[in-house]
Amino acid sequence: MIRYYEYHSPPSETFDECKHLLTSLGYTLEIAAKEDGILTTDFRHVSKDIRRYDYAIAILVKDVIEVYIIAKRHIFKRGSETSIGSDFITGAQTSDTLPYSIQTEIFHEIELGMLIKGFNRFERSDKKITSTFSTFSVS
């Protein structure tokens, strides 16, 4: 759950534009560290079917803009009968995936804002993939 955008202005200006974008979309900023180029938002709640998810947005402004979705999924615990009637029936589980439909909803509004500000999205493919297998010569 990551998207990459390229930018051509100084990083400090780009950071300010990303900060303005998140606040204009109604996100509450939790961390805004301009020196490090890091923005994070408070968690928001979203539901799909009977499942409940919490998500936050993290933006890193480095050589490119990296937009992450940090997610938590609420699950029902299967535990003892003592948990019935208390607050321990559900628990949060950190998840690196959200349903695709929720991801597209979240990224859609952010992507529109990024495109309006002139940041172009691209797919990052790291060419520096090394094999974990050694090559053997057979004689």
# chains A, B, ... in the order shown; residues from 1 in each chain; ligands from 1
$ residues_around --residues "A:Glu13" --least-positions-apart "4" --cutoff "12 Å" --atoms "only C-alpha atoms" --output "PyMOL selection string"
chain A and resi 7-9+17-20+34-35+37+61+117
$ write_last_selection --atoms "C-alpha atoms" --output "PDB file, in the first residue's frame"
ATOM      1  CA  TYR A   7       8.541  16.317  -7.742  1.00  0.00           C
ATOM      2  CA  HIS A   8      10.676  19.116  -9.133  1.00  0.00           C
ATOM      3  CA  SER A   9      10.495  21.826  -6.449  1.00  0.00           C
ATOM      4  CA  GLU A  17       2.325  21.259  -0.240  1.00  0.00           C
ATOM      5  CA  CYS A  18       1.855  17.670   0.995  1.00  0.00           C
ATOM      6  CA  LYS A  19       0.975  18.974   4.455  1.00  0.00           C
ATOM      7  CA  HIS A  20      -1.588  21.347   2.965  1.00  0.00           C
ATOM      8  CA  LYS A  34       9.883  19.061   8.149  1.00  0.00           C
ATOM      9  CA  GLU A  35      13.591  18.383   8.788  1.00  0.00           C
ATOM     10  CA  GLY A  37      10.384  15.019   5.567  1.00  0.00           C
ATOM     11  CA  VAL A  61       9.464  13.454   1.146  1.00  0.00           C
ATOM     12  CA  LYS A 117      -0.138  20.016  -7.387  1.00  0.00           C
TER      13      LYS A 117
END
$ residues_around --residues "A:Arg52" --least-positions-apart "2" --cutoff "8 Å" --atoms "only C-alpha atoms" --output "list in words"
His45, Val46, Ser47, Lys48, Ile50, Asp54, Arg73, His74 and Ile75 of chain A
$ write_last_selection --atoms "N, CA and C atoms" --output "compact mmCIF listing (two decimals), in the first residue's frame"
# COMPACT_ATOMS: atom_id res chain seq x y z
N HIS A 45 -11.41 5.64 10.85
CA HIS A 45 -12.13 4.37 10.84
C HIS A 45 -12.86 4.22 9.51
N VAL A 46 -12.87 3.00 9.00
CA VAL A 46 -13.61 2.68 7.79
C VAL A 46 -14.12 1.25 7.95
N SER A 47 -15.32 1.00 7.42
CA SER A 47 -15.90 -0.34 7.53
C SER A 47 -16.19 -0.91 6.14
N LYS A 48 -16.05 -2.21 6.05
CA LYS A 48 -16.43 -2.92 4.83
C LYS A 48 -17.08 -4.21 5.29
N ILE A 50 -18.80 -6.50 7.50
CA ILE A 50 -18.86 -6.48 8.97
C ILE A 50 -17.50 -6.20 9.59
N ASP A 54 -8.91 0.50 10.74
CA ASP A 54 -8.38 1.82 11.04
C ASP A 54 -7.19 2.03 10.12
N ARG A 73 -6.60 -3.92 11.47
CA ARG A 73 -7.87 -4.60 11.26
C ARG A 73 -8.38 -5.07 12.61
N HIS A 74 -9.66 -4.79 12.87
CA HIS A 74 -10.26 -5.24 14.12
C HIS A 74 -10.86 -6.62 13.90
N ILE A 75 -10.50 -7.54 14.75
CA ILE A 75 -10.97 -8.91 14.63
C ILE A 75 -11.66 -9.32 15.92
$ residues_around --residues "stretch 111-114 of chain A" --least-positions-apart "5" --cutoff "9 Å" --atoms "only C-alpha atoms" --output "compact mmCIF listing (two decimals) with C-alpha atoms, in the first residue's frame"
# COMPACT_ATOMS: atom_id res chain seq x y z
CA ARG A 3 2.47 5.05 -4.08
CA TYR A 5 5.34 10.55 -6.89
CA CYS A 18 1.85 17.67 1.00
CA LEU A 21 -3.03 18.52 0.84
CA LEU A 22 -3.61 16.27 3.85
CA LEU A 25 -8.64 16.46 2.72
CA ILE A 106 -8.16 6.27 0.00
CA PHE A 119 3.37 15.59 -8.71
CA ASN A 120 3.45 12.73 -11.20
CA ARG A 121 2.89 9.17 -10.08
$ closest_residue --among "A:Val64, A:Ser125, A:Ile69, A:Pro99" --to "A:Pro10" --atoms "only C-alpha atoms"
A:Val64
$ closest_residue --among "A:Thr97, A:Ser24, A:Thr41, A:Thr14" --to "A:Tyr53" --atoms "only C-alpha atoms"
A:Thr97
$ select_by_dssp --residues "stretch 39-74 of chain A" --states "strand (DSSP E or B)" --output "ChimeraX atom specification"
/A:39-41,44-48,51-61,65-74
$ write_last_selection --atoms "N, CA and C atoms" --output "PDB file, in the first residue's frame"
ATOM      1  N   LEU A  39       5.436  13.076   7.358  1.00  0.00           N
ATOM      2  CA  LEU A  39       4.085  13.478   7.759  1.00  0.00           C
ATOM      3  C   LEU A  39       3.300  12.219   8.088  1.00  0.00           C
ATOM      4  N   THR A  40       2.616  12.200   9.222  1.00  0.00           N
ATOM      5  CA  THR A  40       1.703  11.100   9.524  1.00  0.00           C
ATOM      6  C   THR A  40       0.397  11.687  10.037  1.00  0.00           C
ATOM      7  N   THR A  41      -0.677  10.965   9.802  1.00  0.00           N
ATOM      8  CA  THR A  41      -1.995  11.428  10.232  1.00  0.00           C
ATOM      9  C   THR A  41      -2.490  10.556  11.379  1.00  0.00           C
ATOM     10  N   ARG A  44      -8.058   6.902  11.051  1.00  0.00           N
ATOM     11  CA  ARG A  44      -9.460   7.060  10.673  1.00  0.00           C
ATOM     12  C   ARG A  44     -10.097   5.678  10.647  1.00  0.00           C
ATOM     13  N   HIS A  45     -11.406   5.641  10.851  1.00  0.00           N
ATOM     14  CA  HIS A  45     -12.133   4.375  10.836  1.00  0.00           C
ATOM     15  C   HIS A  45     -12.863   4.222   9.507  1.00  0.00           C
ATOM     16  N   VAL A  46     -12.865   3.002   8.998  1.00  0.00           N
ATOM     17  CA  VAL A  46     -13.611   2.677   7.789  1.00  0.00           C
ATOM     18  C   VAL A  46     -14.124   1.247   7.950  1.00  0.00           C
ATOM     19  N   SER A  47     -15.315   0.996   7.421  1.00  0.00           N
ATOM     20  CA  SER A  47     -15.901  -0.344   7.529  1.00  0.00           C
ATOM     21  C   SER A  47     -16.188  -0.909   6.145  1.00  0.00           C
ATOM     22  N   LYS A  48     -16.051  -2.205   6.045  1.00  0.00           N
ATOM     23  CA  LYS A  48     -16.428  -2.923   4.828  1.00  0.00           C
ATOM     24  C   LYS A  48     -17.083  -4.212   5.288  1.00  0.00           C
ATOM     25  N   ARG A  51     -16.503  -5.997   8.769  1.00  0.00           N
ATOM     26  CA  ARG A  51     -15.159  -5.748   9.276  1.00  0.00           C
ATOM     27  C   ARG A  51     -14.929  -4.252   9.479  1.00  0.00           C
ATOM     28  N   ARG A  52     -14.121  -3.933  10.486  1.00  0.00           N
ATOM     29  CA  ARG A  52     -13.760  -2.551  10.746  1.00  0.00           C
ATOM     30  C   ARG A  52     -12.249  -2.408  10.646  1.00  0.00           C
ATOM     31  N   TYR A  53     -11.831  -1.374   9.959  1.00  0.00           N
ATOM     32  CA  TYR A  53     -10.417  -1.108   9.770  1.00  0.00           C
ATOM     33  C   TYR A  53     -10.114   0.305  10.253  1.00  0.00           C
ATOM     34  N   ASP A  54      -8.908   0.502  10.741  1.00  0.00           N
ATOM     35  CA  ASP A  54      -8.382   1.825  11.042  1.00  0.00           C
ATOM     36  C   ASP A  54      -7.188   2.027  10.124  1.00  0.00           C
ATOM     37  N   TYR A  55      -7.048   3.230   9.607  1.00  0.00           N
ATOM     38  CA  TYR A  55      -5.898   3.491   8.750  1.00  0.00           C
ATOM     39  C   TYR A  55      -5.384   4.903   8.992  1.00  0.00           C
ATOM     40  N   ALA A  56      -4.117   5.078   8.719  1.00  0.00           N
ATOM     41  CA  ALA A  56      -3.463   6.378   8.776  1.00  0.00           C
ATOM     42  C   ALA A  56      -2.626   6.518   7.509  1.00  0.00           C
ATOM     43  N   ILE A  57      -2.323   7.743   7.180  1.00  0.00           N
ATOM     44  CA  ILE A  57      -1.492   8.035   6.010  1.00  0.00           C
ATOM     45  C   ILE A  57      -0.122   8.511   6.494  1.00  0.00           C
ATOM     46  N   ALA A  58       0.920   8.025   5.857  1.00  0.00           N
ATOM     47  CA  ALA A  58       2.279   8.494   6.121  1.00  0.00           C
ATOM     48  C   ALA A  58       2.882   8.934   4.792  1.00  0.00           C
ATOM     49  N   ILE A  59       3.463  10.120   4.804  1.00  0.00           N
ATOM     50  CA  ILE A  59       4.115  10.639   3.601  1.00  0.00           C
ATOM     51  C   ILE A  59       5.567  10.938   3.941  1.00  0.00           C
ATOM     52  N   LEU A  60       6.472  10.436   3.113  1.00  0.00           N
ATOM     53  CA  LEU A  60       7.891  10.720   3.243  1.00  0.00           C
ATOM     54  C   LEU A  60       8.332  11.500   2.014  1.00  0.00           C
ATOM     55  N   VAL A  61       8.938  12.641   2.247  1.00  0.00           N
ATOM     56  CA  VAL A  61       9.464  13.454   1.146  1.00  0.00           C
ATOM     57  C   VAL A  61      10.980  13.297   1.163  1.00  0.00           C
ATOM     58  N   ILE A  65       8.368  11.366  -3.455  1.00  0.00           N
ATOM     59  CA  ILE A  65       7.334  11.382  -2.425  1.00  0.00           C
ATOM     60  C   ILE A  65       6.803   9.964  -2.297  1.00  0.00           C
ATOM     61  N   GLU A  66       6.830   9.435  -1.089  1.00  0.00           N
ATOM     62  CA  GLU A  66       6.308   8.097  -0.828  1.00  0.00           C
ATOM     63  C   GLU A  66       5.063   8.243   0.042  1.00  0.00           C
ATOM     64  N   VAL A  67       3.952   7.695  -0.422  1.00  0.00           N
ATOM     65  CA  VAL A  67       2.689   7.762   0.318  1.00  0.00           C
ATOM     66  C   VAL A  67       2.332   6.342   0.760  1.00  0.00           C
ATOM     67  N   TYR A  68       2.214   6.154   2.074  1.00  0.00           N
ATOM     68  CA  TYR A  68       1.915   4.851   2.658  1.00  0.00           C
ATOM     69  C   TYR A  68       0.558   4.873   3.337  1.00  0.00           C
ATOM     70  N   ILE A  69      -0.107   3.728   3.342  1.00  0.00           N
ATOM     71  CA  ILE A  69      -1.287   3.523   4.180  1.00  0.00           C
ATOM     72  C   ILE A  69      -0.875   2.555   5.282  1.00  0.00           C
ATOM     73  N   ILE A  70      -1.058   2.982   6.523  1.00  0.00           N
ATOM     74  CA  ILE A  70      -0.789   2.144   7.683  1.00  0.00           C
ATOM     75  C   ILE A  70      -2.141   1.653   8.164  1.00  0.00           C
ATOM     76  N   ALA A  71      -2.314   0.344   8.296  1.00  0.00           N
ATOM     77  CA  ALA A  71      -3.649  -0.191   8.580  1.00  0.00           C
ATOM     78  C   ALA A  71      -3.666  -1.089   9.808  1.00  0.00           C
ATOM     79  N   LYS A  72      -4.832  -1.092  10.464  1.00  0.00           N
ATOM     80  CA  LYS A  72      -5.125  -2.029  11.545  1.00  0.00           C
ATOM     81  C   LYS A  72      -6.491  -2.625  11.264  1.00  0.00           C
ATOM     82  N   ARG A  73      -6.600  -3.920  11.467  1.00  0.00           N
ATOM     83  CA  ARG A  73      -7.869  -4.603  11.257  1.00  0.00           C
ATOM     84  C   ARG A  73      -8.383  -5.067  12.609  1.00  0.00           C
ATOM     85  N   HIS A  74      -9.655  -4.792  12.872  1.00  0.00           N
ATOM     86  CA  HIS A  74     -10.257  -5.241  14.119  1.00  0.00           C
ATOM     87  C   HIS A  74     -10.863  -6.615  13.896  1.00  0.00           C
TER      88      HIS A  74
END
$ atom_distance --atom1 "atom CA of A:Asp63" --atom2 "atom CA of A:Tyr100"
27.4 Å
$ atom_distance --atom1 "atom CA of A:Glu30" --atom2 "atom CA of A:Asp42"
5.5 Å
$ atom_distance --atom1 "atom CA of A:Met1" --atom2 "atom CA of A:Ile102"
10.8 Å
